[in-house]
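**Student:** First the structure, then my questions, so here it is.
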Amino acid sequence: MGYVGIVLISHSEKVACGIKDIIRQVIQDVPVEVAGGTDDGKIGTSMDRISAAIECADQNKGILLFYDLGSAKMNAELAIEMSEKENIKLAEAPLLEGSYVGAVESSMGKSIAEIIDTLNKNF
Amino acid sequence: MGYVGIVLISHSEKVACGIKDIIRQVIQDVPVEVAGGTDDGKIGTSMDRISAAIECADQNKGILLFYDLGSAKMNAELAIEMSEKENIKLAEAPLLEGSYVGAVESSMGKSIAEIIDTLNKNF
Amino acid sequence: MSFTVEKAIKWLEKINEKIQENKQYLTKLDQPIGDGDHGINMARGFQEVVTIVNEKEYDTVSDVMKATAMTVMSKVGGASGPLYGTAFLKMSLAFKEKEVIDDATFIHGLEEALNGIKQRGRAIHGEKTLVDVWEPVVNKLKQENNFQADLILNTAKAAMEKTKETMATKGRAAYFKENSIGHIDPGSASSFYLFEALAEVLEEEK
Amino acid sequence: MSFTVEKAIKWLEKINEKIQENKQYLTKLDQPIGDGDHGINMARGFQEVVTIVNEKEYDTVSDVMKATAMTVMSKVGGASGPLYGTAFLKMSLAFKEKEVIDDATFIHGLEEALNGIKQRGRAIHGEKTLVDVWEPVVNKLKQENNFQADLILNTAKAAMEKTKETMATKGRAAYFKENSIGHIDPGSASSFYLFEALAEVLEEEK
Ligand SMILES: Nc1ncnc2c1ncn2[C@@H]1O[C@H](COP(=O)(O)OP(=O)(O)O)[C@@H](O)[C@H]1O
Ligand SMILES: Nc1ncnc2c1ncn2[C@@H]1O[C@H](COP(=O)(O)OP(=O)(O)O)[C@@H](O)[C@H]1O
Ligand SMILES: [Mg+2]
Ligand SMILES: [Mg+2]
Ligand SMILES: [Mg+2]
Ligand SMILES: [Mg+2]
């Protein structure tokens, strides 16, 4: 069995990719996918990018979505509703700080419920 | 009189620049300076980059520093101690979410104490 | 009235016309209390909607609404994408398997759309969002239980203008707190165009 | 003993030698419970320290420590930069205006450095950080109130090895919680080299 996947949803592609870089320095095995910016690379969020990231991050152990500001959350919720997958959850934690914790926890083989629990304790 | 300056300290240059992009879409007047990555552009933080950002962000109304993970905070504190300036404060709020709020508040002419107050209420 | 595929497409085309015409204005509304992209977002989305609904043959209004929802969700970007996307999706569901869409059915569809928007945005009336236009219009229509172009137009317009007086507590404008007062909510303005377009479709019918 | 500019530079050169030799090892220690850059960080920083302290003439040990502090702060990067930087800065301050640095003064300088590290990292003994090596060494030196190479070496070594058994509650390793047990703390290992180098400087004196 794989790891809980992490999806980074930001209004900025640079932010999402940069956070992935920070995580990758520490954690290599956990799937971390980015959904940053709009379809045309501008500041904003895109449901399609989020849906694609969800697909890629899936290792059948659940997927945890982290988002930055307002519309990112709404688009993430839409993408979750549109997806056929189960066990996709939206993390209510700061994007960078939360996803770093989430990725480390995932690398230790934790379940999505355990990770959410840790996040709730930390933030 | 100018605005309270914002300094974004991240382990990743991309993250710091991306957050600045997000803020700049909304707020143009407030000084927002980045201190991302190490001196040689790797993942990490650099006291020198933080010190330089502090210099640039100064409009004599105080400077608020936002950081991401552990060593960023220590380097920020060092930079504050090394600086001759007064009224530099380290914000205890998530980097992206906190600095966005901070920049909007600064644009409304708020003082550094008022901004920290809002951050404490929000995070 | 009976709301047909033809009328639905006409409605969408009129929405798009108004949004393209007022693209700059919508963006300008979004500048002082937001990120200045509402006009750009809406114009990109509805341009694509018009292309899509004219490209294919649609059997039902429900299908037209579904295609609109999917396009808006994908193309608009920003908060208005999932919000309007959800609205059209809810209408599509409300119109499903209806042979004829009479006034009551259409009003029910708009009500479902409003509920969808409120749920998606976790917003209630008075928070300086597009809910502030949708809710009074839907309530008025439910009260009268029939479609009158004037009623829709006037209610939507008054509601949009009223957002100028309120403080935002949802969306990007909420970060500006008291400073958000004195500006019309951009999403309420685009929703006004949506209802203005609807009023015109009804007008033409006469 | 009397700690001179010459000895200070010798000490820094020996620290650097050990760190360059064990660069890979330090980085390897930082991989399971960190971001795998401790060797790289320390090697970059101390290489530069050696260059700088040999480039200029220094009148006092305090000045050498100051130059070291500034270089470490600028060049190391990562948590160890501000931590070791603060340590050398505190030593520089403790040695300021001292004509002769005898054992008591040097031990006081190390104690000040320890306090600086603890303050900077908000760490106490037992959190699996370099404090776990500095504190036992400083305590032992204070107890004995003189410098013995063996004592320093053995205390530092045992303390470093003990970090293998503890759980990290500060720094990056803390994210790994229980999983941090079973690994030597990278910062404690580099601190061991620092004290090993000091022991060797003392040894040579005899
Ligand atoms: N949580 C919410 N609930 C309801 N409506 C909202 C919410 N957030 C934003 N809106 C509406 O969306 C409009 C802004 O849309 P737009 O500018 O396209 O998105 P963004 O704010 O992401 O840039 C606002 O004027 C408001 O009417
Ligand atoms: N808050 C802290 N207090 C004391 N020491 C710390 C703290 N955080 C980290 N350290 C020390 O720093 C070492 C890691 O240094 P390094 O790898 O260079 O930095 P980073 O963790 O930023 O990559 C740890 O092994 C630990 O000894
Ligand atoms: Mg906008
Ligand atoms: Mg936007
Ligand atoms: Mg490290
Ligand atoms: Mg590091």
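The way I read the labels, and the way they are meant: chains A, B, ... in the order of the structure tokens, residue 1 as the first residue of every chain, and ligand 1 as the first ligand shown, with later ones counted on from there.
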Output as number ranges by chain the set of chain D residues within 8 Å of chain A, with distances taken over only C-alpha atoms.

**Tutor:** D: 31, 34-36, 175-176, 179

**Student:** Would you kindly return, as number ranges by chain, each protein, DNA or RNA residue with an atom no farther than 10 Å from any atom of Pro186 in chain D, considering only C-alpha atoms and excluding same-chain residues fewer than 6 positions away?

**Tutor:** D: 25-31, 33-34, 36-39, 80, 128-130, 160, 163, 173, 192

**Student:** Selection from above, N, CA and C atoms, as a PDB file, in the first residue's frame, can you write it?

**Tutor:**
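Final output, saved to again21.pdb:
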```
ATOM      1  N   TYR D  25      28.917  12.311   6.174  1.00  0.00           N
ATOM      2  CA  TYR D  25      28.332  11.662   7.345  1.00  0.00           C
ATOM      3  C   TYR D  25      27.295  12.568   8.001  1.00  0.00           C
ATOM      4  N   LEU D  26      27.620  13.835   8.161  1.00  0.00           N
ATOM      5  CA  LEU D  26      26.686  14.784   8.786  1.00  0.00           C
ATOM      6  C   LEU D  26      25.410  14.914   7.964  1.00  0.00           C
ATOM      7  N   THR D  27      25.572  14.935   6.671  1.00  0.00           N
ATOM      8  CA  THR D  27      24.419  15.027   5.786  1.00  0.00           C
ATOM      9  C   THR D  27      23.581  13.757   5.872  1.00  0.00           C
ATOM     10  N   LYS D  28      24.259  12.635   5.995  1.00  0.00           N
ATOM     11  CA  LYS D  28      23.550  11.356   6.122  1.00  0.00           C
ATOM     12  C   LYS D  28      22.741  11.298   7.417  1.00  0.00           C
ATOM     13  N   LEU D  29      23.314  11.847   8.481  1.00  0.00           N
ATOM     14  CA  LEU D  29      22.571  11.892   9.748  1.00  0.00           C
ATOM     15  C   LEU D  29      21.314  12.748   9.615  1.00  0.00           C
ATOM     16  N   ASP D  30      21.411  13.786   8.786  1.00  0.00           N
ATOM     17  CA  ASP D  30      20.294  14.738   8.636  1.00  0.00           C
ATOM     18  C   ASP D  30      19.203  14.217   7.685  1.00  0.00           C
ATOM     19  N   GLN D  31      19.462  13.079   7.032  1.00  0.00           N
ATOM     20  CA  GLN D  31      18.467  12.608   6.059  1.00  0.00           C
ATOM     21  C   GLN D  31      17.222  11.971   6.684  1.00  0.00           C
ATOM     22  N   ILE D  33      15.896  12.248   9.606  1.00  0.00           N
ATOM     23  CA  ILE D  33      15.108  13.069  10.542  1.00  0.00           C
ATOM     24  C   ILE D  33      15.198  14.551  10.202  1.00  0.00           C
ATOM     25  N   GLY D  34      15.643  14.853   8.993  1.00  0.00           N
ATOM     26  CA  GLY D  34      15.754  16.265   8.616  1.00  0.00           C
ATOM     27  C   GLY D  34      15.737  16.408   7.114  1.00  0.00           C
ATOM     28  N   GLY D  36      18.575  16.721   5.221  1.00  0.00           N
ATOM     29  CA  GLY D  36      19.799  16.234   4.562  1.00  0.00           C
ATOM     30  C   GLY D  36      20.731  17.313   4.073  1.00  0.00           C
ATOM     31  N   ASP D  37      20.858  18.394   4.827  1.00  0.00           N
ATOM     32  CA  ASP D  37      21.780  19.442   4.377  1.00  0.00           C
ATOM     33  C   ASP D  37      22.773  19.865   5.458  1.00  0.00           C
ATOM     34  N   HIS D  38      22.773  19.190   6.599  1.00  0.00           N
ATOM     35  CA  HIS D  38      23.605  19.691   7.696  1.00  0.00           C
ATOM     36  C   HIS D  38      25.092  19.686   7.335  1.00  0.00           C
ATOM     37  N   GLY D  39      25.542  18.614   6.688  1.00  0.00           N
ATOM     38  CA  GLY D  39      26.953  18.552   6.269  1.00  0.00           C
ATOM     39  C   GLY D  39      27.275  19.639   5.258  1.00  0.00           C
ATOM     40  N   SER D  80      21.419  25.602  11.854  1.00  0.00           N
ATOM     41  CA  SER D  80      22.741  25.623  12.489  1.00  0.00           C
ATOM     42  C   SER D  80      23.453  26.962  12.275  1.00  0.00           C
ATOM     43  N   LYS D 128      17.017  16.698  21.821  1.00  0.00           N
ATOM     44  CA  LYS D 128      17.725  16.157  20.650  1.00  0.00           C
ATOM     45  C   LYS D 128      18.221  17.269  19.741  1.00  0.00           C
ATOM     46  N   THR D 129      18.934  18.200  20.363  1.00  0.00           N
ATOM     47  CA  THR D 129      19.578  19.262  19.575  1.00  0.00           C
ATOM     48  C   THR D 129      21.010  19.387  20.068  1.00  0.00           C
ATOM     49  N   LEU D 130      21.748  20.283  19.451  1.00  0.00           N
ATOM     50  CA  LEU D 130      23.136  20.456  19.862  1.00  0.00           C
ATOM     51  C   LEU D 130      23.286  20.905  21.312  1.00  0.00           C
ATOM     52  N   MET D 160      26.841  13.105  22.611  1.00  0.00           N
ATOM     53  CA  MET D 160      26.382  12.969  21.229  1.00  0.00           C
ATOM     54  C   MET D 160      25.700  11.631  21.021  1.00  0.00           C
ATOM     55  N   THR D 163      22.135  11.173  22.157  1.00  0.00           N
ATOM     56  CA  THR D 163      21.008  11.776  21.412  1.00  0.00           C
ATOM     57  C   THR D 163      20.292  10.734  20.554  1.00  0.00           C
ATOM     58  N   ALA D 173      13.634  17.728  13.065  1.00  0.00           N
ATOM     59  CA  ALA D 173      13.469  16.344  13.476  1.00  0.00           C
ATOM     60  C   ALA D 173      12.215  16.158  14.318  1.00  0.00           C
ATOM     61  N   PHE D 192      30.037  17.796  18.457  1.00  0.00           N
ATOM     62  CA  PHE D 192      31.102  16.893  18.925  1.00  0.00           C
ATOM     63  C   PHE D 192      32.414  17.221  18.207  1.00  0.00           C
TER      64      PHE D 192
END
```

**Student:** Which residues are near ligand 2 - at most 9 Å, using only C-alpha atoms and all ligand atoms? Format: as JSON, numbers by chain.

**Tutor:** {"B": [11, 43, 44, 45, 69, 70, 71, 72, 74], "D": [26, 27, 29, 30, 33, 34, 35, 36, 37, 38, 39, 40, 41, 42, 76, 77, 78, 79, 80, 81, 83, 84, 117, 118, 119, 120, 121, 122, 123, 124, 127, 128, 129, 130, 131, 132, 168, 169, 170, 171, 172, 173, 174, 184, 185, 186, 187, 188, 189, 190, 191]}

**Student:** Report as a PyMOL selection string the set of chain A residues whose atoms approach chain B to within 6 Å, with distances computed over only C-alpha atoms.

**Tutor:** chain A and resi 12+14-15+18

**Student:** Please write the residues from the selection above to a file, keeping all heavy atoms, as a compact mmCIF listing (two decimals), in the first residue's frame.

**Tutor:**
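Ended up saving to part-v4.txt:
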```
# COMPACT_ATOMS: atom_id res chain seq x y z
N SER A 12 -1.12 30.79 -6.67
CA SER A 12 0.10 31.01 -7.44
C SER A 12 0.79 29.68 -7.73
O SER A 12 1.02 28.87 -6.83
CB SER A 12 1.05 31.92 -6.64
OG SER A 12 2.40 31.68 -6.99
N LYS A 14 3.87 29.37 -8.60
CA LYS A 14 5.18 29.42 -7.94
C LYS A 14 5.09 28.96 -6.50
O LYS A 14 5.95 28.22 -6.02
CB LYS A 14 5.70 30.87 -7.94
CG LYS A 14 6.38 31.30 -9.21
CD LYS A 14 7.01 32.70 -8.99
CE LYS A 14 6.80 33.60 -10.18
NZ LYS A 14 6.89 35.02 -9.84
N VAL A 15 4.07 29.43 -5.82
CA VAL A 15 3.91 29.04 -4.41
C VAL A 15 3.76 27.53 -4.30
O VAL A 15 4.46 26.88 -3.52
CB VAL A 15 2.70 29.74 -3.76
CG1 VAL A 15 2.33 29.09 -2.43
CG2 VAL A 15 2.99 31.22 -3.55
N GLY A 18 7.03 25.81 -5.16
CA GLY A 18 8.05 26.09 -4.14
C GLY A 18 7.81 25.27 -2.88
O GLY A 18 8.76 24.75 -2.27
```

**Student:** DSSP on the backbone, strand (DSSP E or B) only: what residues of range 8-79 of chain A does that give? Format it as a list in words.

**Tutor:**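 Checking each residue of range 8-79 of chain A, the strand (DSSP E or B) ones are Leu8, Ile9, Ser10, Val32, Glu33, Val34, Ala35, Gly36, Ile63, Leu64, Leu65, Phe66 and Tyr67 of chain A.
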
**Student:** With N, CA and C atoms retained, export the selected residues as an mmCIF file, in the first residue's frame.

**Tutor:**
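Just written: again_24.cif:
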```
data_model
loop_
_atom_site.group_PDB
_atom_site.id
_atom_site.type_symbol
_atom_site.label_atom_id
_atom_site.label_comp_id
_atom_site.auth_asym_id
_atom_site.auth_seq_id
_atom_site.Cartn_x
_atom_site.Cartn_y
_atom_site.Cartn_z
ATOM 1 N N LEU A 8 -1.404 20.401 -3.313
ATOM 2 C CA LEU A 8 -1.155 21.782 -2.906
ATOM 3 C C LEU A 8 -1.904 22.736 -3.827
ATOM 4 N N ILE A 9 -2.919 23.397 -3.306
ATOM 5 C CA ILE A 9 -3.740 24.300 -4.112
ATOM 6 C C ILE A 9 -3.425 25.738 -3.721
ATOM 7 N N SER A 10 -2.857 26.470 -4.655
ATOM 8 C CA SER A 10 -2.547 27.866 -4.361
ATOM 9 C C SER A 10 -3.003 28.757 -5.514
ATOM 10 N N VAL A 32 3.203 14.192 -3.977
ATOM 11 C CA VAL A 32 2.856 15.599 -3.731
ATOM 12 C C VAL A 32 2.566 16.219 -5.089
ATOM 13 N N GLU A 33 1.330 16.672 -5.292
ATOM 14 C CA GLU A 33 0.959 17.235 -6.596
ATOM 15 C C GLU A 33 0.539 18.687 -6.433
ATOM 16 N N VAL A 34 0.857 19.483 -7.448
ATOM 17 C CA VAL A 34 0.539 20.898 -7.350
ATOM 18 C C VAL A 34 -0.651 21.275 -8.230
ATOM 19 N N ALA A 35 -1.454 22.199 -7.738
ATOM 20 C CA ALA A 35 -2.534 22.797 -8.520
ATOM 21 C C ALA A 35 -2.454 24.284 -8.214
ATOM 22 N N GLY A 36 -1.572 24.967 -8.924
ATOM 23 C CA GLY A 36 -1.352 26.380 -8.654
ATOM 24 C C GLY A 36 -1.748 27.243 -9.832
ATOM 25 N N ILE A 63 -6.410 11.067 -0.084
ATOM 26 C CA ILE A 63 -5.731 12.256 -0.591
ATOM 27 C C ILE A 63 -6.139 13.436 0.266
ATOM 28 N N LEU A 64 -5.138 14.229 0.614
ATOM 29 C CA LEU A 64 -5.372 15.384 1.476
ATOM 30 C C LEU A 64 -5.087 16.649 0.675
ATOM 31 N N LEU A 65 -6.076 17.545 0.627
ATOM 32 C CA LEU A 65 -5.946 18.778 -0.150
ATOM 33 C C LEU A 65 -5.677 19.957 0.783
ATOM 34 N N PHE A 66 -4.675 20.729 0.452
ATOM 35 C CA PHE A 66 -4.372 21.955 1.200
ATOM 36 C C PHE A 66 -4.605 23.144 0.275
ATOM 37 N N TYR A 67 -5.195 24.210 0.788
ATOM 38 C CA TYR A 67 -5.533 25.369 -0.062
ATOM 39 C C TYR A 67 -5.089 26.660 0.598
#
```

**Student:** Here is a test: counting only C-alpha atoms, which residue of D:Leu141, D:Met91, D:Val50, D:Leu114 is nearest to Lys14 in chain D?

**Tutor:** D:Val50

**Student:** Out of range 68-108 of chain A, which residues get alpha helix (DSSP H) from DSSP, as a list in words?

**Tutor:**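 The alpha helix (DSSP H) residues within range 68-108 of chain A come out as Gly70, Ser71, Ala72, Lys73, Met74, Asn75, Ala76, Glu77, Leu78, Ala79, Ile80, Glu81, Met82, Leu95, Leu96, Glu97, Gly98, Ser99, Tyr100, Val101, Gly102, Ala103, Val104, Glu105, Ser106 and Ser107 of chain A.
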
**Student:** Please provide the set of residues having any atom within 9 Å of Ala67 in chain C, restricted to only C-alpha atoms, with same-chain residues fewer than 2 positions apart removed, written as a PDB file with N, CA, C and O atoms, in the first residue's frame.

**Tutor:**
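Once written, selection.pdb looks like this:
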```
ATOM      1  N   VAL C  49     -18.938  29.770 -22.629  1.00  0.00           N
ATOM      2  CA  VAL C  49     -20.279  29.187 -22.499  1.00  0.00           C
ATOM      3  C   VAL C  49     -21.042  29.349 -23.813  1.00  0.00           C
ATOM      4  O   VAL C  49     -21.648  28.399 -24.328  1.00  0.00           O
ATOM      5  N   ILE C  52     -19.786  27.021 -26.471  1.00  0.00           N
ATOM      6  CA  ILE C  52     -20.138  25.617 -26.199  1.00  0.00           C
ATOM      7  C   ILE C  52     -21.615  25.330 -26.449  1.00  0.00           C
ATOM      8  O   ILE C  52     -21.966  24.333 -27.075  1.00  0.00           O
ATOM      9  N   VAL C  53     -22.495  26.216 -25.993  1.00  0.00           N
ATOM     10  CA  VAL C  53     -23.927  25.920 -26.151  1.00  0.00           C
ATOM     11  C   VAL C  53     -24.381  26.083 -27.605  1.00  0.00           C
ATOM     12  O   VAL C  53     -25.442  25.582 -27.985  1.00  0.00           O
ATOM     13  N   SER C  62     -32.119  21.256 -19.165  1.00  0.00           N
ATOM     14  CA  SER C  62     -31.231  20.686 -18.151  1.00  0.00           C
ATOM     15  C   SER C  62     -29.829  20.466 -18.727  1.00  0.00           C
ATOM     16  O   SER C  62     -28.832  20.780 -18.076  1.00  0.00           O
ATOM     17  N   ASP C  63     -29.790  19.954 -19.956  1.00  0.00           N
ATOM     18  CA  ASP C  63     -28.477  19.716 -20.587  1.00  0.00           C
ATOM     19  C   ASP C  63     -27.732  21.028 -20.863  1.00  0.00           C
ATOM     20  O   ASP C  63     -26.510  21.096 -20.722  1.00  0.00           O
ATOM     21  N   VAL C  64     -28.462  22.033 -21.281  1.00  0.00           N
ATOM     22  CA  VAL C  64     -27.834  23.339 -21.534  1.00  0.00           C
ATOM     23  C   VAL C  64     -27.245  23.885 -20.233  1.00  0.00           C
ATOM     24  O   VAL C  64     -26.110  24.376 -20.195  1.00  0.00           O
ATOM     25  N   MET C  65     -28.018  23.758 -19.163  1.00  0.00           N
ATOM     26  CA  MET C  65     -27.557  24.269 -17.866  1.00  0.00           C
ATOM     27  C   MET C  65     -26.330  23.489 -17.388  1.00  0.00           C
ATOM     28  O   MET C  65     -25.405  24.053 -16.815  1.00  0.00           O
ATOM     29  N   ALA C  69     -22.736  24.960 -16.583  1.00  0.00           N
ATOM     30  CA  ALA C  69     -22.116  24.763 -15.272  1.00  0.00           C
ATOM     31  C   ALA C  69     -20.677  24.285 -15.423  1.00  0.00           C
ATOM     32  O   ALA C  69     -19.756  24.845 -14.813  1.00  0.00           O
ATOM     33  N   MET C  70     -20.495  23.260 -16.251  1.00  0.00           N
ATOM     34  CA  MET C  70     -19.161  22.678 -16.407  1.00  0.00           C
ATOM     35  C   MET C  70     -18.178  23.709 -16.973  1.00  0.00           C
ATOM     36  O   MET C  70     -17.028  23.791 -16.526  1.00  0.00           O
ATOM     37  N   THR C  71     -18.638  24.470 -17.950  1.00  0.00           N
ATOM     38  CA  THR C  71     -17.772  25.469 -18.574  1.00  0.00           C
ATOM     39  C   THR C  71     -17.422  26.578 -17.589  1.00  0.00           C
ATOM     40  O   THR C  71     -16.265  27.000 -17.490  1.00  0.00           O
ATOM     41  N   VAL C  72     -18.420  27.047 -16.860  1.00  0.00           N
ATOM     42  CA  VAL C  72     -18.189  28.113 -15.885  1.00  0.00           C
ATOM     43  C   VAL C  72     -17.204  27.642 -14.810  1.00  0.00           C
ATOM     44  O   VAL C  72     -16.276  28.355 -14.441  1.00  0.00           O
ATOM     45  N   PHE C  88     -25.642  26.999 -11.833  1.00  0.00           N
ATOM     46  CA  PHE C  88     -26.152  26.386 -13.071  1.00  0.00           C
ATOM     47  C   PHE C  88     -26.300  24.870 -12.928  1.00  0.00           C
ATOM     48  O   PHE C  88     -27.214  24.274 -13.488  1.00  0.00           O
ATOM     49  N   LEU C  89     -25.413  24.267 -12.146  1.00  0.00           N
ATOM     50  CA  LEU C  89     -25.518  22.823 -11.917  1.00  0.00           C
ATOM     51  C   LEU C  89     -26.808  22.491 -11.165  1.00  0.00           C
ATOM     52  O   LEU C  89     -27.515  21.525 -11.488  1.00  0.00           O
ATOM     53  N   SER C  92     -29.651  22.743 -13.503  1.00  0.00           N
ATOM     54  CA  SER C  92     -29.675  21.568 -14.361  1.00  0.00           C
ATOM     55  C   SER C  92     -30.358  20.397 -13.651  1.00  0.00           C
ATOM     56  O   SER C  92     -31.192  19.695 -14.233  1.00  0.00           O
TER      57      SER C  92
END
```

**Student:** Hey, can you check how far CA of Lys98 in chain C sits from CA of Pro82 in chain C?

**Tutor:**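 Going from CA of Lys98 in chain C over to CA of Pro82 in chain C covers 25.1 Å.
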
**Student:** Using only C-alpha atoms and all ligand atoms, which of the listed residues (C:Thr155, C:Asn115, C:Thr60, C:Gln148) sits closest to ligand 1?

**Tutor:**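 Looking only at the distances to ligand 1, the closest residue turns out to be C:Asn115.
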
**Student:** Report, in Å with one decimal, the straight-line distance from CA of Leu153 in chain C to CA of Leu202 in chain C.

**Tutor:**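 A separation of 10.8 Å between them.
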
**Student:** Enter the distance from CA of Asn75 in chain B to CA of Ile50 in chain B, in Å, rounded to one decimal.

**Tutor:** 7.7 Å

**Student:** Got a sec: who's within 12 Å of Asn139 in chain D, counting only C-alpha atoms, leaving out chain neighbours fewer than 4 positions off, as a list in words?

**Tutor:** Ile107, His108, Leu110, Glu111, Glu112, Leu114, Asn115, His125, Val131, Asp132, Val133, Trp134, Glu135, Gln143, Glu144, Asn145, Asn146, Leu151, Ile152, Thr155, Ala156 and Ala159 of chain D
